[in-house]
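Beneath this line is the structure, given in structure tokens, with notes to follow.
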Amino acid sequence: MATTTRNATSDPDRVSFLEELYQGRFRWDLVRDFPVQDPVDAATGDKLTEELTTLLRERVDPEDVDARAALPDGFLDELGRRGYFALQTDPALGGHALSHYNTFRMVSAAAAHSTPVALSLAIENALGAGAFLAVAPEGPLRDMLSDVVRRGARSASADSEPQGAANQRRFTTATRIEGTDDYLIDGSKVFVGHAPVAEVVSVSATVHEDGVDRVRMFFVRTDSPGVTSGDWHTYMGIKGFPNGWLEFRNVRVPGDHMLVERDIGHVVRTTPATARLVGRGRIHLIAAPSLAVARLCLGWMRDFAARRVIDGRPLAEYDEVRRRLAESLADTFAVETMAQWCLLPEDQDRGLNLRFEQNAVKNASSLLAWEVAERAMSLLAGEGYETASSKRLRGAPPVPVERFLRDLRNLRISGGVDFQIDNWIGRLAILSYYYPEPDHAAELQREDEVPLDTTGTVLTDRNLGHLRWAAEQTRAFGRTCLELARSHPDREELDARERTLIQLAAIAREILGVSLTLARASALAAAGDDSAQALADVFCTAARQRVTDLLDRLQSPPGPDIEAVASAWMSGTAYAFLTTDGTSGPLRGGSTEESTA
């Protein structure tokens, strides 16, 4: 690995399987020994997960939470008293000192009952006061965060702004007060988890230092003069999760409540510490509930297919139904596998940089879970396109597919809209290895077989074929990136081809999924369990088909004049016939303002 990193996610001291893949190098040796949770650690997680599940069954009616858009009175306080907002924190502060993977299991268990509860757990443990304790230096800031954690109080992390979270700069500013070490913060934040209920919030703000604008993180008490907590956001799903907006007007913050970090030499959208926490945090915030919903859908699909009979033949005997069941099982296996890879090596101190995988698995988990839920909806639609309460009224099993679909759709948006995440990965990570041209360019252009050491690998012949495909496709991926860079010597031209970058990220994500599912299937088989071989085969077959489609689109000749169509529409001079019925003017969706005008 280079001593000078090409991007902010790289670590010169820790290798990453996905980072190597981005460079066209297939490192099977890094994933072949797929991690398994330590039995003692698993037992600890079992006990606490069971306690949480019992509490949720006793205290939370998920349908009522969804209908009222509110958690039960005092429930968040109870979670705090039980130390559930400090799952990984020192027991001396009231925490449970859980591993990363056990924390994931807790959030996933909560999501299987109520997504809003799961998100409250995730936001506190991933981006709350307890999470920042790991990076806060000794002093007033650490003391304040420790106090919040010790009391089981609530915190929040405020980064997104009304101008758009995708902006590189932060419009919220922190200006040093002359003659002091304190700052005045001004700005607005939106989509802030726990904003309406938090005592302390971390706020990203632009600071002008030494002639340069830098993003710094400040920790602000929400009862400070000038802080306004706005109304809760009313989302399409995740109803009951406390989420809202915050305004800061001349809010004075002590200078020692700013998290000072070293300059890493790369322009980043958030502070380095926050970026690291967000990367891992997305596994808790996105992958954990995604896995929970996928698992629920598997059970609902099996139950429905078992009880439904069409023309005297059980539904589960029909070919397409079997295919959808098998694909859903394989996709769920893949989500679980990728989540384990993103967390267990860190728990076991394997010395790997998992940040690339954590960034990619945000999309992998939410998109795969969405496909599982879509299949469940299509199958269970035979019993009605209804809410659970509507089904209950007529005596049908009240399966809450509708509620979880709404919740799950949020996961493809939260933490970055799915296509934009791929765009960022393509631009900030993948292309960084091809500008300037890499030292191993000649190796990427070789046509001989990619070396692959399968010592210790236990896979079926079909899965060995998938493994060989992953190795060959990884070099081909590097060669494609190299050729793209050479044909676009001005990198800004390639940066502007966002669809290309999105497709590159998607291809790499599919190869990652294939590699990890094969590694886990091999590890399970070596331990005497062959059941995952078939799941890996189903997943890999579908992934290869998706890559074929992506490559076909990536390598296709120039397409239609998209820019002309979009520009004409945005100018307001064309295609008006598409938004009018010919008599009543443009269609606007019937907003309240228009209907009452």
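Ordering of the structure tokens sets the chain letters (A, B, ...), residue numbers begin anew at 1 in every chain, and ligands are numbered from 1 in the order given.
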
Query - Polymer residues at most 12 Å from Ile425 of chain A, only C-alpha atoms, same-chain spacing of 5 or more positions, as a PyMOL selection string - result: chain A and resi 7-9+18-19+22+355-363+416+418-420+430-433+495+498+500-509

Requested in this report: Extract the full set of alpha helix (DSSP H) residues from segment 102-201 of chain A according to DSSP on the backbone, and format it as number ranges by chain.
Outcome: A: 102-111, 115-127, 129-133, 140-150

Could the residues in this selection be saved with N, CA and C atoms as a compact mmCIF listing (two decimals), in the first residue's frame?
# COMPACT_ATOMS: atom_id res chain seq x y z
N ASN A 102 -22.55 -7.11 18.06
CA ASN A 102 -23.68 -7.24 18.99
C ASN A 102 -24.55 -5.99 18.98
N THR A 103 -23.92 -4.84 18.80
CA THR A 103 -24.71 -3.61 18.67
C THR A 103 -25.59 -3.69 17.44
N PHE A 104 -25.03 -4.17 16.34
CA PHE A 104 -25.79 -4.39 15.11
C PHE A 104 -26.97 -5.33 15.37
N ARG A 105 -26.71 -6.41 16.11
CA ARG A 105 -27.78 -7.37 16.40
C ARG A 105 -28.89 -6.73 17.22
N MET A 106 -28.54 -5.86 18.15
CA MET A 106 -29.55 -5.18 18.96
C MET A 106 -30.44 -4.30 18.09
N VAL A 107 -29.82 -3.54 17.20
CA VAL A 107 -30.60 -2.65 16.34
C VAL A 107 -31.48 -3.47 15.40
N SER A 108 -30.95 -4.55 14.86
CA SER A 108 -31.74 -5.38 13.95
C SER A 108 -32.91 -6.03 14.67
N ALA A 109 -32.68 -6.48 15.90
CA ALA A 109 -33.77 -7.09 16.68
C ALA A 109 -34.87 -6.06 16.94
N ALA A 110 -34.48 -4.83 17.25
CA ALA A 110 -35.47 -3.78 17.47
C ALA A 110 -36.24 -3.49 16.19
N ALA A 111 -35.55 -3.48 15.05
CA ALA A 111 -36.18 -3.17 13.77
C ALA A 111 -37.22 -4.22 13.38
N THR A 115 -39.34 -0.13 13.50
CA THR A 115 -38.23 0.59 12.88
C THR A 115 -37.89 1.88 13.62
N PRO A 116 -38.87 2.68 14.07
CA PRO A 116 -38.51 3.90 14.80
C PRO A 116 -37.66 3.64 16.04
N VAL A 117 -37.96 2.58 16.78
CA VAL A 117 -37.15 2.24 17.95
C VAL A 117 -35.73 1.89 17.51
N ALA A 118 -35.62 1.11 16.45
CA ALA A 118 -34.30 0.71 15.95
C ALA A 118 -33.47 1.93 15.56
N LEU A 119 -34.10 2.90 14.92
CA LEU A 119 -33.36 4.08 14.49
C LEU A 119 -32.93 4.93 15.68
N SER A 120 -33.75 4.97 16.73
CA SER A 120 -33.34 5.68 17.94
C SER A 120 -32.11 5.03 18.56
N LEU A 121 -32.13 3.71 18.63
CA LEU A 121 -30.96 2.99 19.15
C LEU A 121 -29.74 3.24 18.26
N ALA A 122 -29.94 3.19 16.96
CA ALA A 122 -28.82 3.32 16.03
C ALA A 122 -28.23 4.73 16.06
N ILE A 123 -29.08 5.75 16.08
CA ILE A 123 -28.57 7.12 16.02
C ILE A 123 -27.75 7.44 17.25
N GLU A 124 -28.18 6.95 18.41
CA GLU A 124 -27.43 7.22 19.65
C GLU A 124 -26.11 6.45 19.67
N ASN A 125 -26.15 5.19 19.28
CA ASN A 125 -24.94 4.36 19.37
C ASN A 125 -23.98 4.57 18.23
N ALA A 126 -24.47 5.07 17.10
CA ALA A 126 -23.59 5.28 15.94
C ALA A 126 -23.05 6.69 15.88
N LEU A 127 -23.89 7.68 16.22
CA LEU A 127 -23.50 9.08 16.03
C LEU A 127 -23.80 9.95 17.25
N ALA A 129 -23.60 10.82 21.65
CA ALA A 129 -22.54 11.20 22.59
C ALA A 129 -21.59 10.04 22.86
N GLY A 130 -22.13 8.84 23.03
CA GLY A 130 -21.29 7.68 23.32
C GLY A 130 -20.33 7.36 22.19
N ALA A 131 -20.80 7.52 20.96
CA ALA A 131 -19.94 7.24 19.81
C ALA A 131 -18.77 8.22 19.74
N PHE A 132 -19.04 9.50 20.01
CA PHE A 132 -17.98 10.51 19.93
C PHE A 132 -17.02 10.44 21.11
N LEU A 133 -17.41 9.74 22.18
CA LEU A 133 -16.48 9.56 23.29
C LEU A 133 -15.20 8.87 22.83
N PRO A 140 -12.90 19.27 28.72
CA PRO A 140 -14.31 19.66 28.90
C PRO A 140 -15.27 18.95 27.95
N LEU A 141 -14.86 18.78 26.69
CA LEU A 141 -15.75 18.12 25.73
C LEU A 141 -16.03 16.69 26.16
N ARG A 142 -14.99 15.97 26.49
CA ARG A 142 -15.17 14.59 26.91
C ARG A 142 -16.00 14.51 28.19
N ASP A 143 -15.79 15.46 29.09
CA ASP A 143 -16.55 15.48 30.33
C ASP A 143 -18.04 15.68 30.05
N MET A 144 -18.36 16.59 29.12
CA MET A 144 -19.75 16.83 28.79
C MET A 144 -20.40 15.60 28.17
N LEU A 145 -19.71 14.97 27.22
CA LEU A 145 -20.25 13.77 26.58
C LEU A 145 -20.42 12.63 27.59
N SER A 146 -19.46 12.50 28.48
CA SER A 146 -19.55 11.44 29.50
C SER A 146 -20.76 11.66 30.39
N ASP A 147 -21.04 12.91 30.72
CA ASP A 147 -22.20 13.22 31.56
C ASP A 147 -23.51 12.83 30.86
N VAL A 148 -23.59 13.14 29.58
CA VAL A 148 -24.79 12.78 28.80
C VAL A 148 -24.98 11.26 28.81
N VAL A 149 -23.91 10.53 28.56
CA VAL A 149 -23.99 9.07 28.51
C VAL A 149 -24.34 8.51 29.88
N ARG A 150 -23.70 9.01 30.91
CA ARG A 150 -23.91 8.49 32.27
C ARG A 150 -25.38 8.62 32.70

Requested in this report: Determine, counting only C-alpha atoms, which protein, DNA and RNA residues have an atom within 9 Å of an atom of Arg82 of chain A; residues of the same chain fewer than 4 positions away are not included. Present the result as a list of chain:residue names.
Outcome: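 Surrounding residues, per the criterion: A:Asp77, A:Glu78, A:Ala86, A:Gly94, A:Gly95, A:Gly152.
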
Would you export the selected residues with C-alpha atoms as a PDB file, in the first residue's frame, please?
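Output saved as result-v2.pdb:
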ATOM      1  CA  ASP A  77     -36.247   7.567  28.914  1.00  0.00           C
ATOM      2  CA  GLU A  78     -36.502   3.865  29.691  1.00  0.00           C
ATOM      3  CA  ALA A  86     -24.639   3.419  25.338  1.00  0.00           C
ATOM      4  CA  GLY A  94     -23.806   2.895  32.448  1.00  0.00           C
ATOM      5  CA  GLY A  95     -23.008   1.251  29.133  1.00  0.00           C
ATOM      6  CA  GLY A 152     -28.833   8.037  29.730  1.00  0.00           C
TER       7      GLY A 152
END

Report task. Can you pull out every residue within 8 Å of Val60 of chain A, counting only C-alpha atoms, but drop anything in the same chain fewer than 3 positions away, and send it as a ChimeraX atom specification? Result -> /A:55-57,65,71-72,114

Requested in this report: Just give me the gap between atom CA of Trp370 of chain A and atom CA of Leu411 of chain A in Å, one decimal is fine.
Outcome: 9.1 Å

Query raised in the report: Closest to Leu408 of chain A among A:Glu383, A:Ser366, A:Lys391, A:Asp223, using only C-alpha atoms?
Result: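 Residue with the minimum atom-to-atom distance to Leu408 of chain A: A:Ser366.
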
Query raised in the report: Excluding same-chain residues fewer than 3 positions from segment 481-485 of chain A, what lies within 8 Å of it counting only C-alpha atoms, as a count of residues only?
Result: 11

Query raised in the report: If we count only C-alpha atoms, what is near segment 234-251 of chain A at a cut-off of 6 Å, once residues fewer than 5 positions away on the same chain are taken out, given as a VMD selection string?
Result: chain A and resid 65 to 66 69 to 71 116 184 to 195 226 to 229 406 to 407

Residue selection dump (C-alpha atoms) as a PDB file, in the first residue's frame:
ATOM      1  CA  VAL A  65     -46.693   3.974  16.965  1.00  0.00           C
ATOM      2  CA  ASP A  66     -47.210   4.181  13.213  1.00  0.00           C
ATOM      3  CA  ALA A  69     -46.431   8.861  14.809  1.00  0.00           C
ATOM      4  CA  ALA A  70     -45.118   8.731  18.350  1.00  0.00           C
ATOM      5  CA  LEU A  71     -43.361   6.275  20.634  1.00  0.00           C
ATOM      6  CA  PRO A 116     -38.508   3.901  14.802  1.00  0.00           C
ATOM      7  CA  LEU A 184     -20.695  31.951  17.395  1.00  0.00           C
ATOM      8  CA  ILE A 185     -22.625  29.409  15.325  1.00  0.00           C
ATOM      9  CA  ASP A 186     -25.193  30.453  12.730  1.00  0.00           C
ATOM     10  CA  GLY A 187     -27.142  28.219  10.376  1.00  0.00           C
ATOM     11  CA  SER A 188     -29.848  25.637   9.964  1.00  0.00           C
ATOM     12  CA  LYS A 189     -29.873  21.848   9.968  1.00  0.00           C
ATOM     13  CA  VAL A 190     -32.547  19.434   8.778  1.00  0.00           C
ATOM     14  CA  PHE A 191     -33.276  15.696   9.025  1.00  0.00           C
ATOM     15  CA  VAL A 192     -31.626  15.530  12.435  1.00  0.00           C
ATOM     16  CA  GLY A 193     -32.334  12.270  14.233  1.00  0.00           C
ATOM     17  CA  HIS A 194     -33.361  12.943  17.864  1.00  0.00           C
ATOM     18  CA  ALA A 195     -33.317  16.716  17.291  1.00  0.00           C
ATOM     19  CA  GLY A 226     -30.216  31.002  20.106  1.00  0.00           C
ATOM     20  CA  VAL A 227     -30.966  27.305  19.513  1.00  0.00           C
ATOM     21  CA  THR A 228     -34.420  26.583  18.129  1.00  0.00           C
ATOM     22  CA  SER A 229     -35.751  23.062  17.737  1.00  0.00           C
ATOM     23  CA  ARG A 406     -42.654   2.548   3.805  1.00  0.00           C
ATOM     24  CA  ASP A 407     -39.971   2.206   6.446  1.00  0.00           C
TER      25      ASP A 407
END

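Atom CA of Gly83 of chain A is positioned 6.8 Å from atom CA of His96 of chain A.
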
If we count only C-alpha atoms and set the cut-off at 12 Å, which residues sit around Glu346 of chain A, ignoring sequence neighbours fewer than 2 positions away in its own chain? Please answer as a compact mmCIF listing (two decimals) with all heavy atoms, in the first residue's frame.
# COMPACT_ATOMS: atom_id res chain seq x y z
N ARG A 14 -3.45 -0.09 6.89
CA ARG A 14 -4.45 -1.15 6.91
C ARG A 14 -4.95 -1.42 5.50
O ARG A 14 -5.41 -0.51 4.81
CB ARG A 14 -5.63 -0.79 7.83
CG ARG A 14 -5.27 -0.78 9.31
CD ARG A 14 -6.40 -0.25 10.16
NE ARG A 14 -6.06 -0.29 11.57
CZ ARG A 14 -6.49 -1.21 12.43
NH1 ARG A 14 -7.32 -2.16 12.02
NH2 ARG A 14 -6.13 -1.18 13.69
N PRO A 35 -14.80 -14.25 9.00
CA PRO A 35 -14.92 -14.20 10.46
C PRO A 35 -16.21 -14.83 10.98
O PRO A 35 -17.26 -14.77 10.33
CB PRO A 35 -14.89 -12.71 10.76
CG PRO A 35 -15.42 -12.07 9.51
CD PRO A 35 -14.91 -12.92 8.38
N VAL A 36 -16.11 -15.41 12.15
CA VAL A 36 -17.25 -15.96 12.87
C VAL A 36 -17.27 -15.32 14.24
O VAL A 36 -16.23 -15.18 14.89
CB VAL A 36 -17.14 -17.50 13.00
CG1 VAL A 36 -18.30 -18.06 13.81
CG2 VAL A 36 -17.08 -18.15 11.63
N GLN A 37 -18.44 -14.92 14.70
CA GLN A 37 -18.53 -14.27 16.00
C GLN A 37 -18.08 -15.21 17.10
O GLN A 37 -18.45 -16.39 17.13
CB GLN A 37 -19.95 -13.79 16.27
CG GLN A 37 -20.06 -12.94 17.54
CD GLN A 37 -21.46 -12.42 17.79
OE1 GLN A 37 -22.44 -12.96 17.28
NE2 GLN A 37 -21.58 -11.38 18.61
N SER A 99 -19.72 -5.41 21.59
CA SER A 99 -18.95 -5.39 20.35
C SER A 99 -19.76 -4.68 19.27
O SER A 99 -20.97 -4.44 19.42
CB SER A 99 -18.65 -6.82 19.90
OG SER A 99 -19.86 -7.52 19.64
N HIS A 100 -19.09 -4.36 18.16
CA HIS A 100 -19.79 -3.73 17.04
C HIS A 100 -20.90 -4.65 16.52
O HIS A 100 -22.01 -4.18 16.23
CB HIS A 100 -18.81 -3.43 15.90
CG HIS A 100 -17.80 -2.39 16.25
ND1 HIS A 100 -18.13 -1.11 16.64
CD2 HIS A 100 -16.43 -2.43 16.26
CE1 HIS A 100 -17.04 -0.41 16.87
NE2 HIS A 100 -15.99 -1.19 16.65
N TYR A 101 -20.60 -5.93 16.42
CA TYR A 101 -21.60 -6.83 15.83
C TYR A 101 -22.78 -7.05 16.76
O TYR A 101 -23.93 -7.16 16.30
CB TYR A 101 -20.97 -8.17 15.44
CG TYR A 101 -21.93 -8.99 14.59
CD1 TYR A 101 -22.35 -8.52 13.35
CD2 TYR A 101 -22.42 -10.21 15.02
CE1 TYR A 101 -23.24 -9.24 12.56
CE2 TYR A 101 -23.30 -10.95 14.25
CZ TYR A 101 -23.71 -10.46 13.02
OH TYR A 101 -24.60 -11.17 12.25
N ARG A 280 -19.26 3.46 9.61
CA ARG A 280 -19.69 2.31 10.40
C ARG A 280 -21.14 2.47 10.84
O ARG A 280 -21.91 1.50 10.91
CB ARG A 280 -18.80 2.14 11.62
CG ARG A 280 -19.09 0.86 12.40
CD ARG A 280 -18.48 0.88 13.80
NE ARG A 280 -17.05 1.10 13.74
CZ ARG A 280 -16.44 2.06 14.45
NH1 ARG A 280 -17.12 2.91 15.20
NH2 ARG A 280 -15.12 2.18 14.38
N ALA A 339 -22.85 -7.49 6.24
CA ALA A 339 -22.85 -6.80 7.53
C ALA A 339 -21.83 -7.43 8.47
O ALA A 339 -21.11 -6.72 9.18
CB ALA A 339 -24.25 -6.85 8.14
N GLN A 340 -21.75 -8.74 8.47
CA GLN A 340 -20.77 -9.40 9.32
C GLN A 340 -19.35 -9.00 8.92
O GLN A 340 -18.50 -8.75 9.79
CB GLN A 340 -20.95 -10.92 9.23
CG GLN A 340 -22.20 -11.44 9.91
CD GLN A 340 -22.33 -12.94 9.82
OE1 GLN A 340 -21.56 -13.61 9.13
NE2 GLN A 340 -23.32 -13.50 10.50
N TRP A 341 -19.10 -8.94 7.62
CA TRP A 341 -17.76 -8.58 7.16
C TRP A 341 -17.41 -7.15 7.56
O TRP A 341 -16.25 -6.83 7.86
CB TRP A 341 -17.64 -8.74 5.65
CG TRP A 341 -16.31 -8.27 5.15
CD1 TRP A 341 -16.03 -7.12 4.47
CD2 TRP A 341 -15.05 -8.93 5.34
NE1 TRP A 341 -14.69 -7.03 4.21
CE2 TRP A 341 -14.06 -8.13 4.74
CE3 TRP A 341 -14.68 -10.12 5.94
CZ2 TRP A 341 -12.72 -8.48 4.73
CZ3 TRP A 341 -13.33 -10.48 5.94
CH2 TRP A 341 -12.37 -9.66 5.34
N CYS A 342 -18.39 -6.27 7.59
CA CYS A 342 -18.13 -4.87 7.92
C CYS A 342 -17.85 -4.63 9.39
O CYS A 342 -17.36 -3.55 9.76
CB CYS A 342 -19.33 -4.01 7.49
SG CYS A 342 -19.45 -3.75 5.71
N LEU A 343 -18.18 -5.60 10.25
CA LEU A 343 -18.08 -5.38 11.69
C LEU A 343 -17.20 -6.39 12.42
O LEU A 343 -16.41 -6.02 13.30
CB LEU A 343 -19.48 -5.38 12.31
CG LEU A 343 -20.44 -4.30 11.80
CD1 LEU A 343 -21.84 -4.52 12.37
CD2 LEU A 343 -19.93 -2.91 12.15
N LEU A 344 -17.33 -7.67 12.10
CA LEU A 344 -16.61 -8.69 12.86
C LEU A 344 -15.09 -8.56 12.78
O LEU A 344 -14.41 -8.73 13.81
CB LEU A 344 -17.05 -10.09 12.40
CG LEU A 344 -18.43 -10.54 12.89
CD1 LEU A 344 -18.81 -11.87 12.25
CD2 LEU A 344 -18.46 -10.64 14.41
N GLN A 348 -12.57 -8.31 16.01
CA GLN A 348 -11.50 -9.30 16.21
C GLN A 348 -10.11 -8.72 15.92
O GLN A 348 -9.13 -9.46 15.92
CB GLN A 348 -11.78 -10.51 15.31
CG GLN A 348 -13.07 -11.21 15.68
CD GLN A 348 -13.53 -12.24 14.65
OE1 GLN A 348 -12.80 -12.53 13.69
NE2 GLN A 348 -14.70 -12.80 14.82
N ASP A 349 -10.05 -7.42 15.70
CA ASP A 349 -8.78 -6.71 15.50
C ASP A 349 -7.92 -7.38 14.43
O ASP A 349 -6.75 -7.70 14.66
CB ASP A 349 -8.01 -6.63 16.83
CG ASP A 349 -6.90 -5.59 16.78
OD1 ASP A 349 -6.98 -4.70 15.93
OD2 ASP A 349 -5.95 -5.69 17.57
N ARG A 350 -8.49 -7.57 13.25
CA ARG A 350 -7.76 -8.21 12.16
C ARG A 350 -6.86 -7.24 11.40
O ARG A 350 -6.19 -7.63 10.45
CB ARG A 350 -8.73 -8.88 11.19
CG ARG A 350 -9.46 -10.07 11.79
CD ARG A 350 -10.07 -10.92 10.71
NE ARG A 350 -10.71 -12.11 11.24
CZ ARG A 350 -11.14 -13.12 10.50
NH1 ARG A 350 -10.98 -13.08 9.18
NH2 ARG A 350 -11.72 -14.17 11.04
N GLY A 351 -6.88 -5.98 11.79
CA GLY A 351 -5.98 -5.02 11.15
C GLY A 351 -6.38 -4.64 9.74
O GLY A 351 -5.53 -4.29 8.92
N LEU A 352 -7.67 -4.70 9.43
CA LEU A 352 -8.17 -4.36 8.10
C LEU A 352 -8.83 -2.99 8.11
O LEU A 352 -9.39 -2.56 9.13
CB LEU A 352 -9.18 -5.40 7.62
CG LEU A 352 -8.68 -6.83 7.44
CD1 LEU A 352 -9.85 -7.76 7.17
CD2 LEU A 352 -7.66 -6.90 6.31
N ASN A 353 -8.79 -2.31 6.99
CA ASN A 353 -9.54 -1.08 6.81
C ASN A 353 -10.88 -1.45 6.19
O ASN A 353 -10.95 -1.86 5.03
CB ASN A 353 -8.78 -0.12 5.90
CG ASN A 353 -9.55 1.16 5.61
OD1 ASN A 353 -10.57 1.44 6.23
ND2 ASN A 353 -9.05 1.94 4.67
N LEU A 354 -11.94 -1.31 6.96
CA LEU A 354 -13.27 -1.74 6.51
C LEU A 354 -14.12 -0.58 6.01
O LEU A 354 -15.29 -0.79 5.65
CB LEU A 354 -14.00 -2.44 7.66
CG LEU A 354 -13.31 -3.68 8.21
CD1 LEU A 354 -13.96 -4.11 9.52
CD2 LEU A 354 -13.35 -4.82 7.19
N ARG A 355 -13.56 0.61 5.95
CA ARG A 355 -14.38 1.78 5.64
C ARG A 355 -14.92 1.75 4.20
O ARG A 355 -16.04 2.21 3.94
CB ARG A 355 -13.58 3.05 5.88
CG ARG A 355 -13.27 3.30 7.36
CD ARG A 355 -12.51 4.59 7.55
NE ARG A 355 -13.30 5.72 7.07
CZ ARG A 355 -12.77 6.89 6.72
NH1 ARG A 355 -11.46 7.06 6.77
NH2 ARG A 355 -13.55 7.88 6.31
N GLN A 358 -17.84 -0.58 4.33
CA GLN A 358 -18.95 0.01 5.07
C GLN A 358 -19.69 1.04 4.23
O GLN A 358 -20.93 1.12 4.27
CB GLN A 358 -18.42 0.64 6.36
CG GLN A 358 -17.97 -0.39 7.39
CD GLN A 358 -17.14 0.20 8.51
OE1 GLN A 358 -16.75 1.37 8.47
NE2 GLN A 358 -16.86 -0.60 9.53

Query raised in the report: Which of these, A:Leu405, A:Ala112, A:Leu52, A:Ala396, has the shortest distance to Ala288 of chain A once you count only C-alpha atoms?
Result: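 Looking at the shortest contact to Ala288 of chain A, the residue is A:Ala112.
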
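Here atom CA of Val200 of chain A is placed at a distance of 4.9 Å from atom CA of Ser155 of chain A.
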